[in-house]
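Please read the structure below before turning to the comments.
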Amino acid sequence: MARQFVLKRDSVVTQQRTLTIAYADELNPQQYAAVTAAGGPVLVIAGAGTGKTRTLVYRVAYLVETDTRPEEIVLLTFTRRSAREMLARATALLDGRCQQVRGGTFHAFCLNLLRRHAPKIGFARNFTILDASDAADVLDVLRTAKGYHRGKKRFPKKRSLYNMFSAATNRVLPLQEILDVRYPQFLDYLPELQEMQSEYARYKRQHSLMDYDDLLQRSLELFEQHDEVRREVAARCRHVLVDEYQDTNALQAALVRAFASVHGNVMAVGDDAQSIYRFRGADFRNIFQFPGQFPQTTVLKLEQNYRSTQPILDLANHVLQEAHQKYDKQLFSDAKGKGDLPALVPAPDNRFESRFVSQVILQLREQGTPLNRMAVLFRSGFNSYDLEVELNRRNIPFVKYGGLKLSEAAHIKDIVAHLKVVENPKDAAAWNRILQLLSGIGPKTAHQLIEWITSVSEDPFVLEERPYSPRYIEALKHLFETMRTVRNPALPLTEQVDTLVSYYEPICKEKYYEDFPKRLQDLEQFVALADAFTDRAEFLSSLALDPIELTSLDADALEEDEPPLVLSTIHSAKGLEFHTVFLIHALEGVLPSAYSFKDNEALDEELRLLYVAITRAEENLFISYPMVQYRRYQGDFLARPCRFIADVPERLLEPCQLVEEGAPALPEPPARPALPEKATPPKQSPSRKKDDADIADLPF
DNA sequence: TGAGTTGTTCTTTTT
DNA sequence: GAACAACTCA
């Protein structure tokens, strides 16, 4: 090691400079300490609603104001949306310099890195990205090629294969350990699975493909094999800021270490009680390992909640205590003070729940709460289907986050596959998809054709001397012609997409004759989406990393002037806050999910999910559930309310009744349609009169 | 070998 | 409602 000279901070300069922002006035002492912390590793443990985002925003501004060049700040966030928002806020606070800060998700940051250095680790620079279902499709092809699908004993399906390989990567564990813990039924196949795992890796390299995990893993590989790259990259990361650190996994933690390996200035912000990405390899314990990984870490805490009223916090604190693993956390709020108790609303069924929610929303809007300050949260994307119908019926505009993405729809994937092939003609996964769209080509023929096409060194879009079958030759010619047109670098991206859509339309019509018009609409939307981009590669990356959340449904909503109501999965609501929050479908098997029943760790994660949902609310919180659920072949059956809220005392969570207009407000049992006798109602407590009146007065 | 049909199963959360 | 396996027919 060469001799080191330690450059001292010039405290005189820092002290005497007049800063634009009065940090000490605008922040509480804990926040101020975090924002103005000196260099070195800093871990900020921040409870929900304690101004975590605010702290990061001010930190960015502070660093820029105290002479850190914005390009040397890296802000790693959980979604691209939150990076954008934070930088916009910092810009509003200080000035345009904050826009120069590099920010985004780990995946996006790594992608940029890899685009520059891919050849060093044996990938083409124009590699394309496999999303989860593309990756699964590749695995399916490999699985079939190996003949595993014909075994006597059940071999894992493509989805499971992808999940187990991804788990091994993200947890940095050997495949065997993943199988031991999560897939013991497949342990017999360990050798075959290991074989497939390396075969998959080989396939991706051969065809210049990376899946999501590769973006992280290959970046680390790049650093390990090329220390000069690591040093160069890390040298440009003077300050690394990581948001939502509790949701990072082992791979991401290793990346943070690499990024901070030159300057050592890293600030991680997170809340162990809000860790909700265990399924993706995150472990809330990671956050406590941070001080071990970065010696001399300063640990700071943010404890004062500014978001929610005390009754909402009381409920949140209570819920958290039911966890098997205890959290050292009590949120308190003295700024917000008293407010209404959170309400627990059992509804006779789905329909009633939707009516209740939409009605209260309309009522609150009338009283002056804008729609976009209200949110309906739920565990899974499909939990809101019924409500969406009701909202449409009542003309309440909404946006939905989470759940199915437009970019996951089959017809959009088809178009994207064409674009991918133009970008990276070796992308066998995309070829496989688009060839099988042609009549006369199935898996077998497609495989053969891909062999031919991807082995050509010259132009892949020219028919060679091959024994093509007349069954599909015309279609293939047409496809290649289209590709050659689209490839033309002089053709603007929108026109490229447009050309592909016109080529694809008849195919789409044929394939999806039942709902063709709806899909056509989506395609038009997709063309419009391309307008925002000029570069094809960038458009494709953006599609892969920033999945389009807008479904064709909300295109209409956006046209209205009123900012829409927010529907969101709890996961996608991370980091957001709303005046009023409705948590719907708070049922056993939904939240907590039926998948989590088997182990306590998983159950705890569901509980944290509930905690996240509760702490999104500022003023009002309504937790509702339908008392019966419909399941096919079983008909209606009695649903059980979420275990985490079933036994909460009434002084924390107030039970309410829904009463049909005209029906007398009975104290007990609640008014509801005739149900099978076996359907004994869940524990009903006498409801408070005031709310009964409120709800009964609503014009149902 | 591909296409078309039928029955079955399973459906989380995200980059 | 989609993905999948198993079937038949061309």
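Letters A, B, ... go to the chains of the structure tokens in the order shown; residues in each chain start at 1; ligands are counted from 1 in the same order.
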Near-Gln436 in chain A list (12 Å; only C-alpha atoms (C1' of nucleotides); drop same-chain fewer than 3 positions) as a list in words = Asp414, Ala417, Ala429, Ala430, Trp431, Asn432, Arg433, Ser439, Gly440, Ile441, Gly442, Pro443, Lys444, Thr445, Ala446, His447, Gln448, Leu449, Ile450, Tyr472, Ala475, Leu476, Leu479, Ile507 and Lys511 of chain A; DG2 and DA3 of chain B
Chain C residues within 12 Å of chain A, counting only C-alpha atoms (C1' of nucleotides): which ones, as a ChimeraX atom specification?
-> /C:1-5
Can you spit out the residues from that selection as a PDB file, in the first residue's frame, using C-alpha atoms (C1' of nucleotides)?
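Result file out-v3.pdb:
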ATOM      1  C1'  DG C   1     -58.235 -16.448 -17.675  1.00  0.00           C
ATOM      2  C1'  DA C   2     -53.957 -18.472 -18.775  1.00  0.00           C
ATOM      3  C1'  DA C   3     -50.715 -22.028 -18.931  1.00  0.00           C
ATOM      4  C1'  DC C   4     -50.213 -26.802 -19.553  1.00  0.00           C
ATOM      5  C1'  DA C   5     -50.728 -31.641 -20.620  1.00  0.00           C
TER       6       DA C   5
END
Could you give me, as JSON, numbers by chain, each residue of range 420-596 of chain A that DSSP assigns to strand (DSSP E or B) when run on this structure's backbone?
-> {"A": [565, 566, 567, 568, 569, 578, 579, 580, 581, 582, 583, 587, 589, 593]}
Do me a favour and pick out the residues of chain A within 9 Å of chain B, using only C-alpha atoms (C1' of nucleotides), as JSON, numbers by chain.
-> {"A": [78, 79, 105, 106, 107, 108, 131, 212, 213, 276, 277, 279, 280, 379, 380, 381, 402, 403, 439, 440, 441, 442, 443, 444, 445, 544, 545, 546, 569, 570, 571, 572, 590, 593, 595]}
Atoms to include: C-alpha atoms. Write the selected residues as a PDB file, in the first residue's frame.
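As written to disk, selection.pdb reads:
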ATOM      1  CA  PHE A  78     -36.246   1.003  -5.198  1.00  0.00           C
ATOM      2  CA  THR A  79     -38.070   2.203  -8.267  1.00  0.00           C
ATOM      3  CA  THR A 105     -32.566   1.307  -9.319  1.00  0.00           C
ATOM      4  CA  PHE A 106     -29.672  -1.059  -8.821  1.00  0.00           C
ATOM      5  CA  HIS A 107     -30.742  -2.768 -12.018  1.00  0.00           C
ATOM      6  CA  ALA A 108     -30.779   0.408 -14.073  1.00  0.00           C
ATOM      7  CA  ASP A 131     -37.807 -10.357 -18.159  1.00  0.00           C
ATOM      8  CA  TYR A 212     -32.641  -9.304 -14.158  1.00  0.00           C
ATOM      9  CA  ASP A 213     -30.316 -11.170 -11.857  1.00  0.00           C
ATOM     10  CA  ILE A 276     -41.391  -6.738   2.333  1.00  0.00           C
ATOM     11  CA  TYR A 277     -39.209  -8.274  -0.346  1.00  0.00           C
ATOM     12  CA  PHE A 279     -39.385 -13.396  -1.737  1.00  0.00           C
ATOM     13  CA  ARG A 280     -36.764 -11.635  -3.782  1.00  0.00           C
ATOM     14  CA  ARG A 379     -52.329  -7.601  -1.278  1.00  0.00           C
ATOM     15  CA  SER A 380     -52.517  -8.790  -4.901  1.00  0.00           C
ATOM     16  CA  GLY A 381     -53.331  -7.143  -8.178  1.00  0.00           C
ATOM     17  CA  GLY A 402     -48.868  -3.048  -9.387  1.00  0.00           C
ATOM     18  CA  GLY A 403     -50.608  -6.085 -10.722  1.00  0.00           C
ATOM     19  CA  SER A 439     -48.412 -20.412 -39.360  1.00  0.00           C
ATOM     20  CA  GLY A 440     -46.625 -23.676 -39.998  1.00  0.00           C
ATOM     21  CA  ILE A 441     -43.932 -23.099 -37.412  1.00  0.00           C
ATOM     22  CA  GLY A 442     -44.082 -24.775 -34.015  1.00  0.00           C
ATOM     23  CA  PRO A 443     -41.425 -25.371 -31.369  1.00  0.00           C
ATOM     24  CA  LYS A 444     -39.489 -27.936 -33.403  1.00  0.00           C
ATOM     25  CA  THR A 445     -39.241 -25.923 -36.593  1.00  0.00           C
ATOM     26  CA  ALA A 544     -37.641  -4.094 -19.314  1.00  0.00           C
ATOM     27  CA  LEU A 545     -36.655  -2.083 -16.258  1.00  0.00           C
ATOM     28  CA  ASP A 546     -39.569   0.275 -15.920  1.00  0.00           C
ATOM     29  CA  THR A 569     -50.697  -3.227  -4.251  1.00  0.00           C
ATOM     30  CA  ILE A 570     -49.141  -2.676  -0.867  1.00  0.00           C
ATOM     31  CA  HIS A 571     -45.747  -3.414  -2.387  1.00  0.00           C
ATOM     32  CA  SER A 572     -46.112  -0.672  -4.953  1.00  0.00           C
ATOM     33  CA  VAL A 590     -55.245 -12.969   1.033  1.00  0.00           C
ATOM     34  CA  SER A 593     -51.387 -14.838   1.791  1.00  0.00           C
ATOM     35  CA  TYR A 595     -48.584 -19.179   0.785  1.00  0.00           C
TER      36      TYR A 595
END
Exercise: Asp188 in chain A partners within 12 Å, only C-alpha atoms (C1' of nucleotides), chain neighbours under 2 positions left out, as JSON, numbers by chain | {"A": [153, 154, 155, 156, 176, 179, 180, 183, 184, 185, 186, 190, 191, 192, 193, 194]}
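A straight line drawn from CA of Arg236 in chain A to CA of Glu71 in chain A is 7.7 Å long.
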Would you please extract all alpha helix (DSSP H) residues from range 182-221 of chain A, as assigned by DSSP on the backbone, and give them as a PyMOL selection string?
-> chain A and resi 182+190-206+212-221
Let me see the file: selected residues, N, CA and C atoms, as a compact mmCIF listing (two decimals), in the first residue's frame.
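Once everything was written out, this is out_35.txt:
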# COMPACT_ATOMS: atom_id res chain seq x y z
N ARG A 182 -36.49 -24.88 0.12
CA ARG A 182 -37.75 -24.52 -0.51
C ARG A 182 -38.32 -25.55 -1.46
N LEU A 190 -31.22 -32.93 -8.31
CA LEU A 190 -30.14 -31.97 -8.13
C LEU A 190 -29.11 -31.95 -9.26
N PRO A 191 -28.57 -33.12 -9.67
CA PRO A 191 -27.57 -33.07 -10.74
C PRO A 191 -28.13 -32.48 -12.04
N GLU A 192 -29.36 -32.90 -12.40
CA GLU A 192 -29.96 -32.38 -13.62
C GLU A 192 -30.19 -30.87 -13.51
N LEU A 193 -30.60 -30.44 -12.33
CA LEU A 193 -30.89 -29.02 -12.16
C LEU A 193 -29.62 -28.19 -12.22
N GLN A 194 -28.55 -28.72 -11.64
CA GLN A 194 -27.28 -28.00 -11.72
C GLN A 194 -26.83 -27.90 -13.17
N GLU A 195 -27.03 -29.00 -13.88
CA GLU A 195 -26.70 -29.04 -15.31
C GLU A 195 -27.50 -27.96 -16.05
N MET A 196 -28.80 -27.89 -15.75
CA MET A 196 -29.63 -26.89 -16.41
C MET A 196 -29.19 -25.48 -16.06
N GLN A 197 -28.79 -25.29 -14.82
CA GLN A 197 -28.39 -23.97 -14.37
C GLN A 197 -27.18 -23.48 -15.19
N SER A 198 -26.22 -24.37 -15.40
CA SER A 198 -25.05 -23.91 -16.16
C SER A 198 -25.36 -23.83 -17.65
N GLU A 199 -26.25 -24.72 -18.09
CA GLU A 199 -26.69 -24.66 -19.48
C GLU A 199 -27.38 -23.32 -19.78
N TYR A 200 -28.20 -22.90 -18.83
CA TYR A 200 -28.92 -21.63 -18.95
C TYR A 200 -27.92 -20.46 -19.03
N ALA A 201 -26.92 -20.51 -18.17
CA ALA A 201 -25.91 -19.45 -18.18
C ALA A 201 -25.17 -19.43 -19.52
N ARG A 202 -24.85 -20.63 -20.01
CA ARG A 202 -24.14 -20.72 -21.29
C ARG A 202 -25.00 -20.16 -22.42
N TYR A 203 -26.27 -20.52 -22.41
CA TYR A 203 -27.21 -20.08 -23.44
C TYR A 203 -27.31 -18.57 -23.49
N LYS A 204 -27.40 -17.97 -22.31
CA LYS A 204 -27.53 -16.51 -22.26
C LYS A 204 -26.28 -15.84 -22.81
N ARG A 205 -25.14 -16.38 -22.47
CA ARG A 205 -23.90 -15.78 -22.96
C ARG A 205 -23.82 -15.92 -24.48
N GLN A 206 -24.15 -17.10 -24.96
CA GLN A 206 -24.07 -17.36 -26.39
C GLN A 206 -24.98 -16.43 -27.18
N TYR A 212 -32.77 -10.34 -15.19
CA TYR A 212 -32.64 -9.30 -14.16
C TYR A 212 -31.48 -9.59 -13.21
N ASP A 213 -31.37 -10.83 -12.81
CA ASP A 213 -30.32 -11.17 -11.86
C ASP A 213 -28.93 -10.98 -12.46
N ASP A 214 -28.83 -11.25 -13.76
CA ASP A 214 -27.53 -11.08 -14.42
C ASP A 214 -27.05 -9.64 -14.33
N LEU A 215 -27.97 -8.71 -14.41
CA LEU A 215 -27.57 -7.30 -14.36
C LEU A 215 -26.76 -7.04 -13.09
N LEU A 216 -27.19 -7.63 -11.99
CA LEU A 216 -26.47 -7.45 -10.74
C LEU A 216 -25.23 -8.34 -10.69
N GLN A 217 -25.46 -9.61 -11.00
CA GLN A 217 -24.38 -10.59 -10.85
C GLN A 217 -23.22 -10.32 -11.80
N ARG A 218 -23.55 -10.01 -13.05
CA ARG A 218 -22.47 -9.75 -14.03
C ARG A 218 -21.71 -8.48 -13.69
N SER A 219 -22.37 -7.52 -13.07
CA SER A 219 -21.67 -6.31 -12.66
C SER A 219 -20.62 -6.66 -11.62
N LEU A 220 -21.02 -7.51 -10.68
CA LEU A 220 -20.06 -7.94 -9.66
C LEU A 220 -18.91 -8.72 -10.30
N GLU A 221 -19.29 -9.56 -11.24
CA GLU A 221 -18.28 -10.35 -11.95
C GLU A 221 -17.30 -9.42 -12.66
